[in-house]
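Participant: Structure file structure_25.pdb, PDB, C-alpha atoms, pLDDT in the B column, is pasted below:
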```pdb
ATOM      1  CA  TYR R 276      97.579 123.730 104.299  1.00 45.00           C
ATOM      2  CA  SER R 277     100.454 125.892 105.528  1.00 48.00           C
ATOM      3  CA  ALA R 278     100.946 123.697 108.607  1.00 53.00           C
ATOM      4  CA  LYS R 279     101.758 120.772 106.325  1.00 75.00           C
ATOM      5  CA  ASN R 280     104.010 122.936 104.077  1.00 88.00           C
ATOM      6  CA  PRO R 281     102.986 121.052 100.910  1.00 92.00           C
ATOM      7  CA  LYS R 282     105.353 120.696  97.975  1.00 94.00           C
ATOM      8  CA  ALA R 283     104.285 122.622  94.862  1.00 97.00           C
ATOM      9  CA  SER R 284     103.650 120.493  91.772  1.00 97.00           C
ATOM     10  CA  ALA R 285     101.853 120.746  88.460  1.00 98.00           C
ATOM     11  CA  VAL R 286     100.232 118.465  85.905  1.00 98.00           C
ATOM     12  CA  LEU R 287      99.174 118.897  82.286  1.00 98.00           C
ATOM     13  CA  SER R 288      95.855 117.737  80.871  1.00 98.00           C
ATOM     14  CA  LEU R 289      96.804 117.665  77.193  1.00 98.00           C
ATOM     15  CA  PHE R 290      94.176 117.657  74.457  1.00 98.00           C
ATOM     16  CA  TYR R 291      95.295 116.812  70.920  1.00 98.00           C
ATOM     17  CA  PRO R 292      93.836 115.452  67.660  1.00 98.00           C
ATOM     18  CA  LYS R 293      94.116 111.797  66.706  1.00 97.00           C
ATOM     19  CA  ASN R 294      92.155 110.067  63.944  1.00 95.00           C
ATOM     20  CA  GLY R 295      89.865 113.078  63.635  1.00 95.00           C
ATOM     21  CA  LEU R 296      88.877 113.083  67.324  1.00 96.00           C
ATOM     22  CA  ALA R 297      90.010 115.145  70.303  1.00 96.00           C
ATOM     23  CA  HIS R 298      91.971 112.987  72.758  1.00 97.00           C
ATOM     24  CA  LEU R 299      93.171 113.490  76.321  1.00 97.00           C
ATOM     25  CA  LEU R 300      96.492 112.030  77.489  1.00 98.00           C
ATOM     26  CA  LEU R 301      96.847 110.007  80.682  1.00 97.00           C
ATOM     27  CA  ILE R 302     100.012 108.208  81.751  1.00 96.00           C
ATOM     28  CA  VAL R 303     100.548 104.944  83.611  1.00 93.00           C
ATOM     29  CA  ARG R 304     103.210 105.637  86.238  1.00 87.00           C
ATOM     30  CA  SER R 305     106.027 103.112  86.467  1.00 84.00           C
ATOM     31  CA  SER R 306     106.172 100.778  89.431  1.00 74.00           C
ATOM     32  CA  TYR R 307     108.408 102.106  92.209  1.00 58.00           C
ATOM     33  CA  PRO R 308     108.467 102.226  96.020  1.00 55.00           C
ATOM     34  CA  GLY R 309     106.134 105.146  96.692  1.00 55.00           C
ATOM     35  CA  VAL R 310     102.533 106.178  97.204  1.00 49.00           C
ATOM     36  CA  HIS R 311     101.845 106.920  93.514  1.00 47.00           C
ATOM     37  CA  SER R 312     103.475 103.781  92.051  1.00 54.00           C
ATOM     38  CA  SER R 313     101.667 102.348  88.970  1.00 68.00           C
ATOM     39  CA  GLN R 314      98.843 104.880  89.199  1.00 84.00           C
ATOM     40  CA  ILE R 315      97.082 106.513  86.272  1.00 91.00           C
ATOM     41  CA  ALA R 316      97.895 110.216  86.195  1.00 94.00           C
ATOM     42  CA  PHE R 317      98.453 113.267  84.081  1.00 97.00           C
ATOM     43  CA  PRO R 318     102.048 114.058  83.116  1.00 97.00           C
ATOM     44  CA  GLY R 319     103.526 116.209  85.843  1.00 96.00           C
ATOM     45  CA  GLY R 320     105.637 116.476  88.931  1.00 95.00           C
ATOM     46  CA  LYS R 321     107.123 118.763  91.517  1.00 95.00           C
ATOM     47  CA  LYS R 322     108.222 122.326  90.856  1.00 97.00           C
ATOM     48  CA  GLU R 323     111.970 122.685  90.419  1.00 97.00           C
ATOM     49  CA  LEU R 324     113.964 125.793  91.307  1.00 96.00           C
ATOM     50  CA  GLU R 325     114.578 126.611  87.636  1.00 96.00           C
ATOM     51  CA  ASP R 326     110.844 126.638  86.795  1.00 97.00           C
ATOM     52  CA  LEU R 327     109.578 130.209  86.455  1.00 97.00           C
ATOM     53  CA  ASP R 328     106.079 129.154  87.520  1.00 98.00           C
ATOM     54  CA  LEU R 329     103.828 126.103  87.848  1.00 98.00           C
ATOM     55  CA  GLN R 330     102.718 126.316  84.221  1.00 98.00           C
ATOM     56  CA  GLU R 331     106.368 125.881  83.228  1.00 98.00           C
ATOM     57  CA  THR R 332     106.601 122.943  85.671  1.00 98.00           C
ATOM     58  CA  ALA R 333     103.683 121.197  83.929  1.00 98.00           C
ATOM     59  CA  LEU R 334     105.214 121.745  80.473  1.00 98.00           C
ATOM     60  CA  ARG R 335     108.719 120.676  81.574  1.00 98.00           C
ATOM     61  CA  GLU R 336     107.444 117.513  83.245  1.00 97.00           C
ATOM     62  CA  ALA R 337     105.294 116.578  80.226  1.00 97.00           C
ATOM     63  CA  ASN R 338     108.362 117.018  78.024  1.00 98.00           C
ATOM     64  CA  GLU R 339     110.507 114.860  80.342  1.00 97.00           C
ATOM     65  CA  GLU R 340     107.922 112.109  80.858  1.00 97.00           C
ATOM     66  CA  VAL R 341     106.385 111.689  77.393  1.00 97.00           C
ATOM     67  CA  GLY R 342     108.452 113.861  75.035  1.00 97.00           C
ATOM     68  CA  ILE R 343     105.888 116.601  74.337  1.00 95.00           C
ATOM     69  CA  SER R 344     107.523 119.780  73.037  1.00 95.00           C
ATOM     70  CA  PRO R 345     106.417 122.782  75.138  1.00 96.00           C
ATOM     71  CA  THR R 346     106.439 124.922  71.984  1.00 96.00           C
ATOM     72  CA  GLU R 347     103.566 122.822  70.566  1.00 95.00           C
ATOM     73  CA  ILE R 348     101.319 123.365  73.594  1.00 97.00           C
ATOM     74  CA  GLU R 349      99.020 126.294  74.244  1.00 98.00           C
ATOM     75  CA  ILE R 350      97.958 126.542  77.896  1.00 98.00           C
ATOM     76  CA  VAL R 351      94.332 127.692  77.855  1.00 97.00           C
ATOM     77  CA  LYS R 352      93.036 127.127  81.378  1.00 96.00           C
ATOM     78  CA  GLN R 353      94.050 126.292  84.914  1.00 97.00           C
ATOM     79  CA  TRP R 354      91.861 123.776  86.732  1.00 97.00           C
ATOM     80  CA  SER R 355      91.273 123.829  90.501  1.00 95.00           C
ATOM     81  CA  ASP R 356      94.303 123.239  92.720  1.00 96.00           C
ATOM     82  CA  LEU R 357      94.197 119.989  94.707  1.00 94.00           C
ATOM     83  CA  TYR R 358      95.938 118.946  97.900  1.00 92.00           C
ATOM     84  CA  ILE R 359      97.130 115.302  98.024  1.00 88.00           C
ATOM     85  CA  PRO R 360      97.637 114.264 101.676  1.00 83.00           C
ATOM     86  CA  PRO R 361      99.564 110.957 101.213  1.00 79.00           C
ATOM     87  CA  SER R 362     102.414 112.672  99.344  1.00 82.00           C
ATOM     88  CA  ASN R 363     101.852 116.200 100.756  1.00 89.00           C
ATOM     89  CA  PHE R 364     101.656 117.805  97.303  1.00 91.00           C
ATOM     90  CA  MET R 365      99.615 120.817  96.256  1.00 95.00           C
ATOM     91  CA  VAL R 366      98.876 120.153  92.578  1.00 96.00           C
ATOM     92  CA  SER R 367      98.121 122.860  90.050  1.00 98.00           C
ATOM     93  CA  ALA R 368      96.511 121.402  86.930  1.00 97.00           C
ATOM     94  CA  PHE R 369      96.675 123.078  83.530  1.00 98.00           C
ATOM     95  CA  MET R 370      94.727 122.438  80.333  1.00 98.00           C
ATOM     96  CA  GLY R 371      96.927 122.432  77.255  1.00 98.00           C
ATOM     97  CA  ILE R 372      95.991 122.075  73.619  1.00 98.00           C
ATOM     98  CA  SER R 373      98.160 120.861  70.763  1.00 97.00           C
ATOM     99  CA  GLN R 374      97.054 121.182  67.156  1.00 97.00           C
ATOM    100  CA  GLN R 375      99.285 118.236  66.197  1.00 95.00           C
ATOM    101  CA  THR R 376      98.847 114.511  66.671  1.00 94.00           C
ATOM    102  CA  GLN R 377     101.529 113.549  69.191  1.00 94.00           C
ATOM    103  CA  ASN R 378     104.254 110.926  68.920  1.00 93.00           C
ATOM    104  CA  PHE R 379     104.932 110.194  72.558  1.00 97.00           C
ATOM    105  CA  VAL R 380     108.388 109.112  73.748  1.00 96.00           C
ATOM    106  CA  LEU R 381     108.056 107.560  77.195  1.00 96.00           C
ATOM    107  CA  GLN R 382     110.649 108.023  79.931  1.00 95.00           C
ATOM    108  CA  PRO R 383     110.612 104.413  81.214  1.00 92.00           C
ATOM    109  CA  ASP R 384     111.812 105.216  84.754  1.00 90.00           C
ATOM    110  CA  GLU R 385     108.656 107.284  85.280  1.00 89.00           C
ATOM    111  CA  VAL R 386     106.094 106.153  82.691  1.00 94.00           C
ATOM    112  CA  SER R 387     105.240 102.560  81.806  1.00 93.00           C
ATOM    113  CA  GLY R 388     102.437 103.336  79.365  1.00 94.00           C
ATOM    114  CA  ILE R 389      99.934 105.879  78.101  1.00 96.00           C
ATOM    115  CA  ILE R 390      96.177 106.031  77.687  1.00 95.00           C
ATOM    116  CA  GLU R 391      94.876 108.090  74.780  1.00 96.00           C
ATOM    117  CA  LEU R 392      91.305 108.803  75.841  1.00 96.00           C
ATOM    118  CA  PRO R 393      88.850 110.151  73.255  1.00 95.00           C
ATOM    119  CA  VAL R 394      87.030 113.100  74.825  1.00 95.00           C
ATOM    120  CA  THR R 395      83.729 111.546  73.689  1.00 93.00           C
ATOM    121  CA  ASP R 396      84.554 108.541  75.921  1.00 93.00           C
ATOM    122  CA  LEU R 397      85.320 110.803  78.885  1.00 94.00           C
ATOM    123  CA  LEU R 398      81.803 112.247  78.618  1.00 92.00           C
ATOM    124  CA  ASN R 399      80.267 108.754  78.890  1.00 90.00           C
ATOM    125  CA  ASP R 400      78.777 108.418  82.394  1.00 89.00           C
ATOM    126  CA  SER R 401      79.317 104.645  82.444  1.00 87.00           C
ATOM    127  CA  LEU R 402      83.059 105.247  82.987  1.00 88.00           C
ATOM    128  CA  VAL R 403      82.351 106.490  86.517  1.00 87.00           C
ATOM    129  CA  GLN R 404      81.899 103.716  89.057  1.00 87.00           C
ATOM    130  CA  ASN R 405      82.301 103.145  92.769  1.00 83.00           C
ATOM    131  CA  VAL R 406      85.284 100.847  93.226  1.00 83.00           C
ATOM    132  CA  ARG R 407      86.442  99.072  96.392  1.00 79.00           C
ATOM    133  CA  MET R 408      90.120  99.724  97.046  1.00 72.00           C
ATOM    134  CA  ASN R 409      92.857  99.707  99.628  1.00 70.00           C
ATOM    135  CA  THR R 410      94.245 103.235  99.956  1.00 65.00           C
ATOM    136  CA  SER R 411      96.416 105.183 102.357  1.00 63.00           C
ATOM    137  CA  TYR R 412      93.117 106.251 103.986  1.00 65.00           C
ATOM    138  CA  GLY R 413      91.805 102.768 104.711  1.00 70.00           C
ATOM    139  CA  SER R 414      91.296  99.231 103.484  1.00 76.00           C
ATOM    140  CA  ASP R 415      88.425  97.984 101.390  1.00 77.00           C
ATOM    141  CA  ILE R 416      86.772 101.381 101.033  1.00 76.00           C
ATOM    142  CA  SER R 417      84.478 102.497  98.223  1.00 78.00           C
ATOM    143  CA  VAL R 418      85.896 105.317  96.096  1.00 79.00           C
ATOM    144  CA  PRO R 419      84.451 107.016  93.019  1.00 82.00           C
ATOM    145  CA  ALA R 420      86.657 106.262  90.031  1.00 89.00           C
ATOM    146  CA  PHE R 421      86.816 106.355  86.269  1.00 90.00           C
ATOM    147  CA  VAL R 422      87.297 102.853  84.845  1.00 90.00           C
ATOM    148  CA  ILE R 423      89.159 103.278  81.544  1.00 91.00           C
ATOM    149  CA  ASN R 424      90.414 100.274  79.560  1.00 86.00           C
ATOM    150  CA  ASP R 425      90.578  98.156  82.739  1.00 83.00           C
ATOM    151  CA  HIS R 426      92.521 100.913  84.534  1.00 88.00           C
ATOM    152  CA  ILE R 427      91.097 102.420  87.713  1.00 88.00           C
ATOM    153  CA  VAL R 428      91.600 106.185  87.781  1.00 90.00           C
ATOM    154  CA  TRP R 429      90.882 107.614  91.223  1.00 85.00           C
ATOM    155  CA  GLY R 430      91.986 110.316  93.654  1.00 86.00           C
ATOM    156  CA  ALA R 431      93.296 113.630  92.362  1.00 90.00           C
ATOM    157  CA  THR R 432      93.390 112.478  88.728  1.00 93.00           C
ATOM    158  CA  ALA R 433      89.722 111.434  88.902  1.00 93.00           C
ATOM    159  CA  MET R 434      88.842 114.772  90.515  1.00 93.00           C
ATOM    160  CA  ILE R 435      90.531 116.663  87.666  1.00 96.00           C
ATOM    161  CA  LEU R 436      88.806 114.406  85.098  1.00 95.00           C
ATOM    162  CA  SER R 437      85.474 115.206  86.773  1.00 94.00           C
ATOM    163  CA  GLU R 438      86.155 118.941  86.550  1.00 96.00           C
ATOM    164  CA  ILE R 439      87.102 118.575  82.862  1.00 96.00           C
ATOM    165  CA  LYS R 440      83.971 116.528  82.186  1.00 95.00           C
ATOM    166  CA  GLU R 441      81.663 119.029  83.919  1.00 93.00           C
ATOM    167  CA  THR R 442      83.332 121.962  82.125  1.00 94.00           C
ATOM    168  CA  PHE R 443      82.880 120.273  78.729  1.00 91.00           C
ATOM    169  CA  ARG R 444      79.278 119.384  79.575  1.00 88.00           C
ATOM    170  CA  ALA R 445      78.553 123.042  80.359  1.00 86.00           C
ATOM    171  CA  VAL R 446      80.019 124.123  77.020  1.00 81.00           C
ATOM    172  CA  PHE R 447      78.594 121.377  74.804  1.00 69.00           C
TER     173      PHE R 447
END
```
Output the structure of this file as structure tokens.
Facilitator:
Amino acid sequence: YSAKNPKASAVLSLFYPKNGLAHLLLIVRSSYPGVHSSQIAFPGGKKELEDLDLQETALREANEEVGISPTEIEIVKQWSDLYIPPSNFMVSAFMGISQQTQNFVLQPDEVSGIIELPVTDLLNDSLVQNVRMNTSYGSDISVPAFVINDHIVWGATAMILSEIKETFRAVF
């Protein structure tokens, strides 16, 4: 990837309790002129100069986008890094756990909504479907996606969700 000189970025897959069940946070990106407008994603963004490392980037971005306090999060695992060609980002994904139910405060310029996904739902194979979409790669192509509450989750976020799902399956 060095020829493309990708921008370093990081996302947080946050697990937290709600109503007695483990939940995973996804955000709905606000609508803006750009390749990731209105997409379902994990909180995150590009590494800033003041970030000590990518783990700090993920925690800072989650705090900025949805108001999660970094002091309440324990980073327990790093998922596989992913390269995203349309935006030329190399994404490092981190698994964080909070022991507290979260009260999210959305940054409206970046986040238009959230999806609180019970982990038991994530493990349901019926969420994964082939969906026809127009992408930066081509029009009317079939892509594997998670369909969650009428939202289509595809691309890098779906790849991270798949890794999470397979990891949980191996453990449980």
Participant: Which residues would end up in the selection if the PyMOL selection byres ((chain R and resi 389-399) around 10) were applied here, given that I need the answer as a ChimeraX atom specification?
Facilitator: /R:290-294,296-304,315-318,341,379,381,386-388,400-403,421,423-424,426,436-437,439-441,443-444
Participant: Just how far from CA of Leu287 (chain R) is CA of Gln382 (chain R), in Å to one decimal?
Facilitator: 16.0 Å
Participant: Neighbourhood query: residues within 12 Å of (93.5, 129.8, 73.7), file coordinates, counting all atoms listed in the file; return as a list in words.
Facilitator: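 Output: Ile348, Glu349, Ile350, Val351, Lys352, Gln353, Met370, Gly371, Ile372, Ser373 and Gln374 of chain R.
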Participant: Looking at all atoms listed in the file, which of R:Gly319, R:Ser344, R:Val380, R:Met434 is the one that sits closest to Tyr358 (chain R)?
Facilitator: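 For Tyr358 (chain R), the nearest of the given residues is R:Met434.
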Participant: Around all of region 388-399 of chain R's listed atoms, make the axis-aligned box with 3 Å on each side and tell me centre and edge lengths in Å to one decimal, as JSON.
Facilitator:
```
{"center_x": 91.4, "center_y": 108.2, "center_z": 76.3, "size_x": 28.2, "size_y": 15.8, "size_z": 12.1}
```
Participant: Would you mind reading off the distance between CA of Ala431 (chain R) and CA of Glu325 (chain R), one decimal, in Å?
Facilitator: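 Result for CA of Ala431 (chain R) versus CA of Glu325 (chain R): 25.4 Å, one decimal.
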Participant: How many Å separate CA of Ile416 (chain R) from CA of Pro281 (chain R)?
Facilitator: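 About the pair CA of Ile416 (chain R) and CA of Pro281 (chain R): they are 25.5 Å apart.
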Participant: My list of candidates is R:Glu340, R:Pro383, R:Phe364, R:Pro419. Which is closest to Lys282 (chain R) when distances are computed with only C-alpha atoms?
Facilitator: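 Looking only at the distances to Lys282 (chain R), the closest residue turns out to be R:Phe364.
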Participant: Tell me which protein, DNA and RNA residues are within 12 Å of Glu323 (chain R), counting only C-alpha atoms, leaving out same-chain ones fewer than 6 positions away, and put them as a VMD selection string.
Facilitator: chain R and resid 282 to 285 329 to 333 335 to 336
Participant: Take the selection from the previous step and output its residues with C-alpha atoms, as a PDB file, keeping the file's coordinate frame.
Facilitator:
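Written out: selection.pdb:
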```pdb
ATOM      1  CA  LYS R 282     105.353 120.696  97.975  1.00 94.00           C
ATOM      2  CA  ALA R 283     104.285 122.622  94.862  1.00 97.00           C
ATOM      3  CA  SER R 284     103.650 120.493  91.772  1.00 97.00           C
ATOM      4  CA  ALA R 285     101.853 120.746  88.460  1.00 98.00           C
ATOM      5  CA  LEU R 329     103.828 126.103  87.848  1.00 98.00           C
ATOM      6  CA  GLN R 330     102.718 126.316  84.221  1.00 98.00           C
ATOM      7  CA  GLU R 331     106.368 125.881  83.228  1.00 98.00           C
ATOM      8  CA  THR R 332     106.601 122.943  85.671  1.00 98.00           C
ATOM      9  CA  ALA R 333     103.683 121.197  83.929  1.00 98.00           C
ATOM     10  CA  ARG R 335     108.719 120.676  81.574  1.00 98.00           C
ATOM     11  CA  GLU R 336     107.444 117.513  83.245  1.00 97.00           C
TER      12      GLU R 336
END
```
Participant: What would region 393-404 of chain R look like if you wrote it out as a JSON list (two decimals), in the first residue's frame, with N, CA, C and O atoms included, from the block I just posted?
Facilitator:
```json
[["chain", "number", "residue", "atom", "x", "y", "z"],
["R", 393, "PRO", "N", -27.72, -5.79, 19.65],
["R", 393, "PRO", "CA", -27.44, -6.87, 20.60],
["R", 393, "PRO", "C", -26.49, -7.89, 19.94],
["R", 393, "PRO", "O", -26.66, -8.23, 18.77],
["R", 394, "VAL", "N", -25.49, -8.33, 20.69],
["R", 394, "VAL", "CA", -24.52, -9.27, 20.15],
["R", 394, "VAL", "C", -25.22, -10.55, 19.69],
["R", 394, "VAL", "O", -24.84, -11.14, 18.68],
["R", 395, "THR", "N", -26.29, -10.95, 20.39],
["R", 395, "THR", "CA", -27.03, -12.14, 19.98],
["R", 395, "THR", "C", -27.60, -11.97, 18.57],
["R", 395, "THR", "O", -27.65, -12.93, 17.80],
["R", 396, "ASP", "N", -28.00, -10.74, 18.21],
["R", 396, "ASP", "CA", -28.49, -10.48, 16.85],
["R", 396, "ASP", "C", -27.37, -10.58, 15.83],
["R", 396, "ASP", "O", -27.57, -11.09, 14.73],
["R", 397, "LEU", "N", -26.20, -10.06, 16.19],
["R", 397, "LEU", "CA", -25.04, -10.12, 15.28],
["R", 397, "LEU", "C", -24.74, -11.57, 14.89],
["R", 397, "LEU", "O", -24.35, -11.85, 13.75],
["R", 398, "LEU", "N", -24.92, -12.50, 15.82],
["R", 398, "LEU", "CA", -24.59, -13.90, 15.56],
["R", 398, "LEU", "C", -25.65, -14.60, 14.72],
["R", 398, "LEU", "O", -25.46, -15.75, 14.31],
["R", 399, "ASN", "N", -26.75, -13.93, 14.42],
["R", 399, "ASN", "CA", -27.82, -14.51, 13.60],
["R", 399, "ASN", "C", -27.43, -14.44, 12.12],
["R", 399, "ASN", "O", -27.28, -13.36, 11.56],
["R", 400, "ASP", "N", -27.29, -15.61, 11.49],
["R", 400, "ASP", "CA", -26.84, -15.66, 10.09],
["R", 400, "ASP", "C", -27.79, -14.99, 9.11],
["R", 400, "ASP", "O", -27.38, -14.61, 8.02],
["R", 401, "SER", "N", -29.06, -14.82, 9.49],
["R", 401, "SER", "CA", -30.01, -14.21, 8.55],
["R", 401, "SER", "C", -29.71, -12.72, 8.31],
["R", 401, "SER", "O", -30.24, -12.14, 7.37],
["R", 402, "LEU", "N", -28.87, -12.11, 9.15],
["R", 402, "LEU", "CA", -28.50, -10.70, 8.92],
["R", 402, "LEU", "C", -27.63, -10.54, 7.67],
["R", 402, "LEU", "O", -27.60, -9.47, 7.08],
["R", 403, "VAL", "N", -26.90, -11.59, 7.31],
["R", 403, "VAL", "CA", -25.98, -11.49, 6.18],
["R", 403, "VAL", "C", -26.70, -11.85, 4.88],
["R", 403, "VAL", "O", -27.30, -12.92, 4.76],
["R", 404, "GLN", "N", -26.67, -10.91, 3.94],
["R", 404, "GLN", "CA", -27.36, -11.10, 2.67],
["R", 404, "GLN", "C", -26.49, -10.54, 1.55],
["R", 404, "GLN", "O", -25.64, -9.68, 1.78]]
```
